[in-house]
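Quick look at model-v8.cif (mmCIF, C-alpha atoms):
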data_run
#
loop_
_atom_site.label_atom_id
_atom_site.label_comp_id
_atom_site.auth_asym_id
_atom_site.auth_seq_id
_atom_site.Cartn_x
_atom_site.Cartn_y
_atom_site.Cartn_z
CA MET A 14 0.00 0.00 0.00
CA SER A 15 1.43 3.38 -0.99
CA ILE A 16 1.36 6.55 1.08
CA GLY A 17 -1.19 7.90 -1.39
CA ASP A 18 -3.48 4.93 -0.61
CA ILE A 19 -3.10 5.52 3.13
CA ILE A 20 -3.96 9.19 2.70
CA ARG A 21 -7.07 8.28 0.69
CA VAL A 22 -8.16 5.82 3.40
CA LEU A 23 -7.63 8.53 6.00
CA ALA A 24 -9.75 10.93 3.92
CA VAL A 25 -12.59 8.39 3.99
CA ALA A 26 -12.14 7.92 7.75
CA LYS A 27 -12.27 11.66 8.20
CA GLN A 28 -15.52 11.82 6.22
CA GLU A 29 -16.99 9.08 8.42
CA VAL A 30 -16.05 11.01 11.55
CA ARG A 31 -17.77 14.09 10.12
CA THR A 32 -20.88 12.05 9.38
CA ALA A 33 -20.86 10.68 12.94
CA TYR A 34 -20.56 14.23 14.24
CA ALA A 35 -23.51 15.44 12.15
CA SER A 36 -25.62 12.48 13.32
CA ALA A 37 -24.76 13.17 16.95
CA ASP A 38 -25.63 16.84 16.43
CA LEU A 39 -29.01 15.88 15.01
CA ALA A 40 -29.63 13.41 17.85
CA LEU A 41 -28.74 16.14 20.34
CA THR A 42 -31.35 18.44 18.84
CA CYS A 43 -34.02 15.72 18.99
CA LEU A 44 -33.11 14.91 22.57
CA ALA A 45 -33.21 18.56 23.63
CA ASN A 46 -36.66 18.94 22.09
CA THR A 47 -37.87 15.73 23.72
CA ARG A 48 -36.69 16.98 27.10
CA THR A 49 -38.40 20.34 26.62
CA HIS A 50 -41.72 18.65 25.76
CA PHE A 51 -41.33 16.08 28.53
CA ASP A 52 -40.55 18.70 31.17
CA GLY A 53 -43.47 20.80 29.95
CA ALA A 54 -45.87 17.87 30.10
CA THR A 55 -44.79 16.68 33.55
CA THR A 56 -44.34 19.98 35.39
CA GLY A 57 -46.41 20.12 38.56
CA THR A 58 -46.83 16.39 39.03
CA SER A 59 -45.93 15.06 42.46
CA ASP A 60 -44.50 11.84 41.05
CA HIS A 61 -40.66 11.54 41.25
CA ALA A 62 -40.39 9.43 38.09
CA PRO A 63 -40.58 12.35 35.62
CA VAL A 64 -37.72 14.12 37.40
CA GLU A 65 -35.59 10.99 37.18
CA ILE A 66 -36.37 10.54 33.48
CA SER A 67 -35.56 14.20 32.82
CA GLU A 68 -32.22 13.75 34.58
CA ILE A 69 -31.46 10.70 32.43
CA LEU A 70 -32.14 12.82 29.34
CA VAL A 71 -29.70 15.46 30.61
CA VAL A 72 -27.02 12.79 31.06
CA ALA A 73 -27.71 11.50 27.53
CA GLN A 74 -27.31 15.05 26.19
CA GLY A 75 -23.98 15.36 28.00
CA ASN A 76 -22.78 12.08 26.50
CA LEU A 77 -23.73 13.17 22.99
CA GLU A 78 -21.88 16.44 23.45
CA PHE A 79 -18.85 14.48 24.64
CA ALA A 80 -19.10 12.26 21.53
CA MET A 81 -19.17 15.37 19.35
CA ARG A 82 -16.07 16.81 21.03
CA THR A 83 -14.31 13.47 20.61
CA ALA A 84 -15.26 13.38 16.92
CA THR A 85 -13.83 16.87 16.47
CA LEU A 86 -10.55 15.91 18.13
CA LEU A 87 -10.38 12.67 16.11
CA GLU A 88 -10.91 14.55 12.86
CA ARG A 89 -8.05 16.88 13.77
CA LYS A 90 -5.75 13.97 14.63
CA ILE A 91 -6.52 12.29 11.29
CA GLU A 92 -5.84 15.52 9.45
CA ASP A 93 -2.57 16.17 11.31
CA PHE A 94 -1.43 12.63 10.57
CA SER A 95 -2.40 12.94 6.89
CA ASN A 96 -0.51 16.20 6.58
CA LYS A 97 2.60 14.57 7.99
CA LEU A 98 2.38 11.76 5.46
CA GLY A 99 2.44 13.76 2.28
CA PRO A 100 2.03 17.02 0.39
CA GLY A 101 -1.35 18.71 0.35
CA GLU A 102 -2.19 17.98 -3.29
CA MET A 103 -2.26 14.25 -2.52
CA PHE A 104 -4.95 14.76 0.06
CA THR A 105 -8.43 15.12 -1.30
CA ASP A 106 -10.45 16.86 1.37
CA PRO A 107 -14.00 15.51 1.39
CA PRO A 108 -16.81 18.04 0.95
CA PRO A 109 -18.03 19.60 4.19
CA ILE A 110 -21.03 18.01 5.86
CA THR A 111 -24.27 19.78 5.03
CA ILE A 112 -27.28 18.73 7.03
CA ASN A 113 -29.34 21.14 4.97
CA ALA A 114 -28.52 21.00 1.28
CA PRO A 115 -27.15 24.29 -0.02
CA HIS A 116 -29.55 26.33 -2.12
CA GLY A 117 -27.26 29.27 -2.75
CA ASP A 118 -29.25 31.96 -0.94
CA TYR A 119 -27.21 32.89 2.09
CA ARG A 120 -29.84 35.29 3.39
CA THR A 121 -32.43 32.61 4.10
CA GLU A 122 -30.50 29.36 4.23
CA THR A 123 -29.84 27.61 7.53
CA PRO A 124 -26.10 27.95 8.25
CA GLN A 125 -23.94 24.87 7.94
CA GLY A 126 -23.91 22.51 10.92
CA PHE A 127 -27.38 23.51 12.17
CA THR A 128 -30.78 21.95 11.73
CA SER A 129 -33.36 24.66 11.16
CA ARG A 130 -34.86 24.10 14.62
CA ARG A 131 -31.48 24.23 16.28
CA PHE A 132 -30.62 27.40 14.37
CA LYS A 133 -33.81 29.08 15.55
CA GLU A 134 -32.79 28.28 19.13
CA PHE A 135 -29.28 29.61 18.48
CA ALA A 136 -30.70 32.82 17.01
CA ARG A 137 -33.09 33.27 19.94
CA ARG A 138 -30.28 32.90 22.47
CA THR A 139 -28.03 35.27 20.51
CA ARG A 140 -30.74 37.95 20.50
CA GLN A 141 -31.11 37.40 24.24
CA LEU A 142 -27.35 37.90 24.71
CA VAL A 143 -27.41 41.23 22.87
CA LYS A 144 -30.43 42.42 24.82
CA HIS A 145 -29.17 41.36 28.26
CA PHE A 146 -25.82 43.05 27.73
CA SER A 147 -27.52 46.23 26.47
CA LEU A 148 -25.60 46.29 23.22
CA PRO A 149 -26.80 48.86 20.69
CA ASP A 150 -29.39 48.17 18.02
CA GLY A 151 -27.95 46.82 14.83
CA GLU A 152 -28.15 44.03 12.32
CA LEU A 153 -27.36 40.74 14.02
CA VAL A 154 -25.85 38.24 11.58
CA ILE A 155 -23.86 35.06 11.18
CA GLN A 156 -20.99 35.35 8.74
CA GLY A 157 -17.94 33.36 7.70
CA SER A 158 -17.57 29.69 6.84
CA ARG A 159 -20.88 28.56 8.36
CA VAL A 160 -22.73 30.84 5.94
CA LYS A 161 -20.38 30.18 3.01
CA ARG A 162 -20.81 26.46 3.71
CA THR A 163 -17.11 25.79 3.84
CA ALA A 164 -17.03 25.02 7.59
CA ARG A 165 -15.29 22.05 9.15
CA THR A 166 -16.74 20.26 12.15
CA ASP A 167 -14.56 22.32 14.49
CA SER A 168 -14.99 25.67 12.71
CA ASP A 169 -15.96 28.77 14.68
CA ILE A 170 -19.43 30.22 14.61
CA ASP A 171 -18.94 33.88 13.69
CA ILE A 172 -21.62 36.23 14.97
CA ALA A 173 -21.53 39.94 14.22
CA LEU A 174 -23.62 42.85 15.39
CA ARG A 175 -23.34 45.33 12.51
CA VAL A 176 -23.80 48.89 13.73
CA ASN A 177 -23.44 52.40 12.33
CA ASP A 178 -20.50 54.68 13.16
CA GLU A 179 -22.21 56.45 16.03
CA LYS A 180 -23.17 53.26 17.85
CA PHE A 181 -19.84 51.63 17.09
CA PHE A 182 -17.81 54.43 18.64
CA GLU A 183 -20.16 54.68 21.64
CA THR A 184 -19.51 50.99 22.32
CA ALA A 185 -15.78 51.50 21.74
CA GLU A 186 -15.77 54.24 24.37
CA ARG A 187 -17.42 51.88 26.83
CA VAL A 188 -14.60 49.37 26.21
CA LEU A 189 -11.81 51.93 26.44
CA ASP A 190 -13.21 53.33 29.69
CA ARG A 191 -12.07 50.19 31.48
CA THR A 192 -8.71 49.96 29.74
CA ARG A 193 -5.80 51.74 31.41
CA PRO A 194 -4.36 54.60 29.31
CA GLY A 195 -0.82 54.08 28.06
CA THR A 196 -0.97 50.29 28.12
CA LYS A 197 -0.26 47.95 25.22
CA LEU A 198 -3.70 46.45 25.81
CA ARG A 199 -5.23 49.84 25.04
CA GLN A 200 -3.03 50.21 21.98
CA ARG A 201 -4.20 46.83 20.65
CA ARG A 202 -7.85 47.71 21.27
CA LEU A 203 -7.44 51.05 19.52
CA ASP A 204 -5.65 49.34 16.63
CA ARG A 205 -8.50 46.87 16.12
CA ILE A 206 -11.14 49.57 16.48
CA ARG A 207 -9.41 51.76 13.89
CA HIS A 208 -8.16 49.15 11.42
CA ASN A 209 -10.70 46.35 11.71
CA GLY A 210 -13.76 48.26 12.87
CA GLN A 211 -14.12 45.50 15.45
CA ILE A 212 -14.94 45.16 19.13
CA SER A 213 -14.58 41.51 20.11
CA SER A 214 -16.13 39.49 22.95
CA PHE A 215 -12.80 39.77 24.75
CA ASP A 216 -13.00 43.56 24.49
CA LEU A 217 -16.55 43.55 25.85
CA GLY A 218 -15.17 41.98 29.01
CA PRO A 219 -15.61 39.11 31.48
CA GLU A 220 -19.31 39.74 32.13
CA PHE A 221 -20.06 39.45 28.43
CA ILE A 222 -18.05 36.25 27.98
CA GLU A 223 -19.70 34.74 31.03
CA LEU A 224 -23.15 35.53 29.63
CA ARG A 225 -22.15 34.28 26.17
CA GLN A 226 -20.97 31.00 27.70
CA LYS A 227 -24.19 30.61 29.66
CA LEU A 228 -26.46 31.32 26.70
CA LEU A 229 -24.51 29.90 23.75
CA GLU A 230 -21.51 27.69 24.51
CA SER A 231 -23.50 25.70 27.09
CA GLU A 232 -25.78 24.50 24.27
CA PHE A 233 -23.54 24.80 21.20
CA PRO A 234 -20.12 23.21 21.80
CA HIS A 235 -18.07 25.33 19.38
CA LYS A 236 -15.73 28.27 19.51
CA ILE A 237 -18.07 31.23 19.20
CA GLN A 238 -16.75 34.53 17.91
CA PHE A 239 -19.00 37.45 18.67
CA SER A 240 -18.01 40.93 17.50
CA VAL A 241 -19.57 44.33 17.23
CA LEU A 242 -18.62 45.43 13.71
CA ARG A 243 -18.58 48.88 12.17
CA ILE A 244 -20.65 48.79 8.98
CA GLY A 245 -18.24 49.16 6.07
CA GLY A 246 -15.21 48.26 8.23
CA ARG A 247 -12.48 45.83 7.21
CA LEU A 248 -14.11 42.80 8.84
CA ASP A 249 -17.63 43.66 7.76
CA THR A 250 -17.59 41.16 4.94
CA PRO A 251 -20.57 39.32 3.40
CA PRO A 252 -22.20 36.88 3.00
CA TYR A 253 -24.46 37.30 6.02
CA ARG A 254 -27.36 35.32 7.42
CA ARG A 255 -29.48 37.70 9.43
CA ILE A 256 -30.75 36.49 12.80
CA ASN A 257 -32.81 39.43 14.05
CA MET B 19 -13.55 49.97 36.23
CA GLU B 20 -10.38 48.21 35.07
CA SER B 21 -10.69 44.49 34.64
CA LEU B 22 -8.23 41.63 34.84
CA GLU B 23 -8.30 40.04 31.41
CA PHE B 24 -5.03 39.79 29.51
CA VAL B 25 -3.72 38.88 26.05
CA VAL B 26 -0.48 37.12 25.25
CA MET B 27 0.70 38.04 21.76
CA LEU B 28 2.94 35.31 20.38
CA ASP B 29 5.27 35.00 17.41
CA GLY B 30 7.67 32.37 16.13
CA VAL B 31 5.41 29.30 16.20
CA PRO B 32 4.59 28.43 12.60
CA GLU B 33 1.76 25.93 13.10
CA LYS B 34 -1.40 26.46 15.06
CA ALA B 35 -1.68 22.71 15.69
CA GLU B 36 1.63 22.79 17.57
CA LEU B 37 0.38 25.62 19.74
CA VAL B 38 -2.95 23.95 20.43
CA ASP B 39 -1.22 20.72 21.46
CA PHE B 40 1.20 22.65 23.65
CA LEU B 41 -1.55 24.56 25.47
CA ALA B 42 -3.61 21.38 25.87
CA SER B 43 -0.62 19.70 27.51
CA LEU B 44 -0.13 22.36 30.17
CA PRO B 45 -0.92 21.17 33.68
CA ASP B 46 -4.48 21.94 34.82
CA TRP B 47 -5.48 23.26 31.40
CA ASN B 48 -8.83 21.92 30.26
CA GLN B 49 -9.57 21.97 26.53
CA LYS B 50 -13.21 22.95 25.89
CA ALA B 51 -13.13 23.18 22.07
CA ARG B 52 -10.40 23.11 19.44
CA GLU B 53 -8.93 26.52 20.39
CA VAL B 54 -10.73 27.13 23.67
CA PHE B 55 -9.42 26.28 27.12
CA GLU B 56 -10.09 26.81 30.80
CA ALA B 57 -7.33 27.28 33.35
CA ASN B 58 -6.94 29.11 36.66
CA GLY B 59 -10.54 30.33 36.55
CA ASN B 60 -9.96 31.87 33.10
CA HIS B 61 -11.71 31.33 29.79
CA ILE B 62 -8.91 31.23 27.19
CA GLU B 63 -9.13 31.53 23.41
CA LEU B 64 -6.33 31.03 20.92
CA SER B 65 -6.71 32.88 17.62
CA ALA B 66 -4.70 33.72 14.54
CA ASN B 67 -4.00 37.45 14.55
CA ASP B 68 -5.69 39.05 11.53
CA ARG B 69 -3.18 41.93 11.83
CA ALA B 70 -0.18 39.60 11.60
CA ASP B 71 2.66 40.97 9.50
CA GLU B 72 6.12 39.42 9.44
CA VAL B 73 7.89 42.69 8.64
CA LEU B 74 5.99 44.98 11.00
CA ALA B 75 6.34 42.38 13.77
CA THR B 76 10.10 42.83 13.81
CA GLU B 77 10.59 46.39 12.65
CA SER B 78 8.10 48.59 14.40
CA GLU B 79 8.01 49.66 18.05
CA SER B 80 4.54 48.19 18.43
CA GLY B 81 5.55 45.01 16.60
CA TYR B 82 3.59 42.82 19.03
CA LEU B 83 0.38 44.05 17.35
CA HIS B 84 1.52 42.11 14.32
CA TYR B 85 2.58 38.82 15.95
CA GLN B 86 1.01 35.65 14.53
CA TRP B 87 -1.14 34.51 17.43
CA SER B 88 -3.14 35.90 20.30
CA ILE B 89 -4.09 34.04 23.46
CA GLU B 90 -6.91 35.94 25.17
CA SER B 91 -7.50 35.10 28.80
CA THR B 92 -10.61 36.28 30.63
CA PRO B 93 -11.16 35.58 34.35
CA LEU B 94 -14.62 34.19 35.01
CA SER B 95 -14.30 33.48 38.70
CA SER B 96 -13.27 35.90 41.40
CA VAL B 97 -9.52 35.99 40.92
CA THR B 98 -7.28 38.66 42.39
CA GLU B 99 -4.91 40.87 40.45
CA GLU B 100 -2.01 39.09 42.12
CA GLN B 101 -3.28 35.71 40.91
CA GLN B 102 -3.74 37.00 37.36
CA VAL B 103 -0.23 38.49 37.32
CA GLU B 104 1.15 35.17 38.51
CA PHE B 105 -0.86 33.25 35.91
CA ALA B 106 0.25 35.55 33.07
CA ARG B 107 3.88 35.25 34.19
CA ALA B 108 3.70 31.46 34.33
CA LEU B 109 2.05 31.24 30.91
CA THR B 110 4.61 33.50 29.23
CA ALA B 111 7.43 31.52 30.84
CA GLU B 112 5.99 28.27 29.46
CA LEU B 113 5.48 29.76 25.99
CA SER B 114 9.01 31.19 25.91
CA ARG B 115 10.38 27.71 26.55
CA MET B 116 8.25 26.20 23.80
CA ARG B 117 10.86 26.57 21.06
CA ALA B 118 13.80 28.82 20.14
CA GLY B 119 12.97 32.21 18.67
CA VAL B 120 9.52 32.54 20.25
CA ARG B 121 8.52 36.10 21.14
CA VAL B 122 5.82 36.83 23.70
CA GLU B 123 4.25 40.03 24.95
CA VAL B 124 1.63 40.39 27.67
CA LEU B 125 -1.03 43.06 27.20
CA ALA B 126 -3.16 43.92 30.23
CA ASN B 127 -4.23 46.68 32.55
CA PHE B 128 -1.67 45.21 34.93
CA GLU B 129 1.06 44.69 32.30
CA ASP B 130 3.55 46.90 34.20
CA LEU B 131 3.55 44.25 36.95
CA ILE B 132 4.68 41.44 34.65
#
Take the structure from the file and write it as C-alpha cells.
Amino acid sequence: MSIGDIIRVLAVAKQEVRTAYASADLALTCLANTRTHFDGATTGTSDHAPVEISEILVVAQGNLEFAMRTATLLERKIEDFSNKLGPGEMFTDPPPITINAPHGDYRTETPQGFTSRRFKEFARRTRQLVKHFSLPDGELVIQGSRVKRTARTDSDIDIALRVNDEKFFETAERVLDRTRPGTKLRQRRLDRIRHNGQISSFDLGPEFIELRQKLLESEFPHKIQFSVLRIGGRLDTPPYRRIN
Amino acid sequence: MESLEFVVMLDGVPEKAELVDFLASLPDWNQKAREVFEANGNHIELSANDRADEVLATESESGYLHYQWSIESTPLSSVTEEQQVEFARALTAELSRMRAGVRVEVLANFEDLI
C-alpha cells in the first residue's frame, strides 16, 4: 500500500467522523426537544419518576456532546497525521457536511452545521445575549464559513452585530473606559477599532463572555466569535445570514 | 472599572496545531473546544492574529500588534490581580520555553507588573 493509498483511506475515515458528528448533532437536537416537551408535560406532578427521566435525558445530552467533542478531536488527529504523510495535493479533502442541502441563498439558508430548529434556538439565544448586555441596536448576523458552507466540524461560529459609526464608537468608548491609558492592551484595542472596525467578545469583558458561555456555549459546543462590527469596516464582509 | 483580562501576543510558532497541542498539555489546562481552554478560573481563546505581519512584527516599536497569534484570557471566577499576574507570568514563561525564537508580549491593565 502506498502513502497515497493511506492518505485516501484517511480521507474516507475523516468523512466518516464528520458524518458521525452530524448524526450526533441531530440526535442532540431531537433529545433537547424531547426533554423540553417532557418537562413541559410533567411539570407540577408530584411523582418523582418524571424528574428521574428528565435527569437521564440530561445525562444523555452530555454524552452526545462528549461524543461530538471526541469526533472533532479525532478529525483533527486524522488531518494532522495525513498532513505529515504527504504534500497537500495528494490529500483530497471531502466536501463539508451539510445537514441542509445548499440552495445558494445565504440570506435565508440555515447555516452549515445547524438543523433549522437548532438554528432558531441559536438565534433566539443570541438575540437574548445582545439584549441582556444592552448592546446597541444593529443588524445581528452570522458570517464566515458557516454561511459560506465551507465550515469544518470544528470551525468557529462567527456572529456579528453590525452597527453604524455612532453606535460603534459609543460601544468603543465603553470598552476603552475600562482599559488603562498608556498600556499595550489599550493600543491593541485602539488598533482593532481603527483598522478592523471591530470590538470583540474579549474587548466587551468578562461579564459578556460569562453571559455568552451561559447562553450559547453551554448549548452549542463550538468556539463562538461574537463581534460588534462597524458597517463598512475591514471585517464587515458578506455573505451574512441575518438572525434578528 | 479596570478588569483583569489579559492577552499574550505570540510570534515564532509556525503551526497552530503545535500551539494547540502545547496549550492542551499544560498542567491543569482543560480543553473545551479546538482553540478554547479553561485554566486558573480563566476562559482562554487562541486565535490567529488578523493583523499579523512578518515585517511589522520585527521592525516597528509596536511590533507585538503584528505577531502571529493571540491568546486571550478572561477571568470568570473571582480571581485577584495578584493571581492574574502570577498566571500571566507562568504562561509567558511556558510559551518562551516552547521553542527557540519565540517572542511573547503580555497586554493587560496590569502589564507593568509582569
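The residue that comes closest to chain A, out of B:Ser95, B:Ser78, B:Gln102, B:Thr110 and on the basis of only C-alpha atoms, is B:Ser95.
Selection result for the displayed file, with the PyMOL selection byres ((chain A) within 6 of (chain B)) as criterion, is Arg191, Thr192, Arg193, Lys197, Leu198 and Pro219 of chain A.
Here atom CA of B:Leu131 and atom CA of B:Ala111 stand 14.6 Å from one another.
Atom CA of B:Glu33 is positioned 15.6 Å from atom CA of B:Ser114.
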Which residue is closest to B:Asp46? Choose from B:Ser96, B:Glu79, B:Phe105, B:Asn67 and count all atoms listed in the file.
B:Phe105
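Residues near the point (8.7, 30.7, 17.3), at a distance of 7 Å or less over all atoms listed in the file, make up Asp29, Gly30, Val31, Pro32, Arg117, Ala118, Gly119, Val120 and Arg121 of chain B.
Using only C-alpha atoms, the shortest contact distance between A:Asp167 and any of A:Asp190, A:Glu88, A:Glu78, A:Glu68 is found at A:Glu88.
For the pair atom CA of A:Arg131 and atom CA of B:Glu56, the separation is 26.0 Å.
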Centre and size of axis-aligned box enclosing stretch 31-48 of chain B plus 5 Å each side, as lines of an AutoDock Vina configuration file:
center_x = -1.7
center_y = 24.5
center_z = 23.7
size_x = 24.2
size_y = 19.6
size_z = 32.2
Give me the residues near B:Met27 as a ChimeraX atom specification, where near means some atom within 6 Å (using all atoms listed in the file) and where sequence neighbours in that chain fewer than 4 positions away do not count.
/B:87-88,122-123
Neighbouring residues of A:Phe51 were defined as those with any atom within 12 Å, considering all atoms listed in the file; residues of the same chain fewer than 4 positions away were excluded. Please report them as a PDB file with C-alpha atoms, keeping the file's coordinate frame.
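Here's the written file around.pdb:
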ATOM      1  CA  LEU A  44     -33.110  14.910  22.570  1.00  0.00           C
ATOM      2  CA  ALA A  45     -33.210  18.560  23.630  1.00  0.00           C
ATOM      3  CA  ASN A  46     -36.660  18.940  22.090  1.00  0.00           C
ATOM      4  CA  THR A  47     -37.870  15.730  23.720  1.00  0.00           C
ATOM      5  CA  THR A  55     -44.790  16.680  33.550  1.00  0.00           C
ATOM      6  CA  THR A  56     -44.340  19.980  35.390  1.00  0.00           C
ATOM      7  CA  GLY A  57     -46.410  20.120  38.560  1.00  0.00           C
ATOM      8  CA  THR A  58     -46.830  16.390  39.030  1.00  0.00           C
ATOM      9  CA  ALA A  62     -40.390   9.430  38.090  1.00  0.00           C
ATOM     10  CA  PRO A  63     -40.580  12.350  35.620  1.00  0.00           C
ATOM     11  CA  VAL A  64     -37.720  14.120  37.400  1.00  0.00           C
ATOM     12  CA  GLU A  65     -35.590  10.990  37.180  1.00  0.00           C
ATOM     13  CA  ILE A  66     -36.370  10.540  33.480  1.00  0.00           C
ATOM     14  CA  SER A  67     -35.560  14.200  32.820  1.00  0.00           C
ATOM     15  CA  GLU A  68     -32.220  13.750  34.580  1.00  0.00           C
ATOM     16  CA  ILE A  69     -31.460  10.700  32.430  1.00  0.00           C
ATOM     17  CA  LEU A  70     -32.140  12.820  29.340  1.00  0.00           C
ATOM     18  CA  VAL A  71     -29.700  15.460  30.610  1.00  0.00           C
TER      19      VAL A  71
END
Could you name the residues that touch A:Arg225 at 9 Å or less, counting only C-alpha atoms, but leaving out those on the same chain fewer than 5 positions away, as a PyMOL selection string?
chain A and resi 139+142+214+220+230-231+237+239
Close residues, A:Leu242 itself excluded, 10 Å, all atoms listed in the file, min 3 positions apart in chain, as a PyMOL selection string:
chain A and resi 151-153+172-178+180-181+206+209-213+239+245-250
Skipping near chain neighbours, those fewer than 2 positions away, what residues fall within 12 Å of A:Phe135 using all atoms listed in the file, listed as an MDAnalysis selection string?
chainID A and resid 42 123:124 126:133 137:142 154:155 170 172 225 228:234 237 256:257
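Between A:Ser168 and the residues A:Glu134, A:Glu122, A:Gln238, A:Gly195, the shortest atom-to-atom distance, using all atoms listed in the file, involves A:Gln238.
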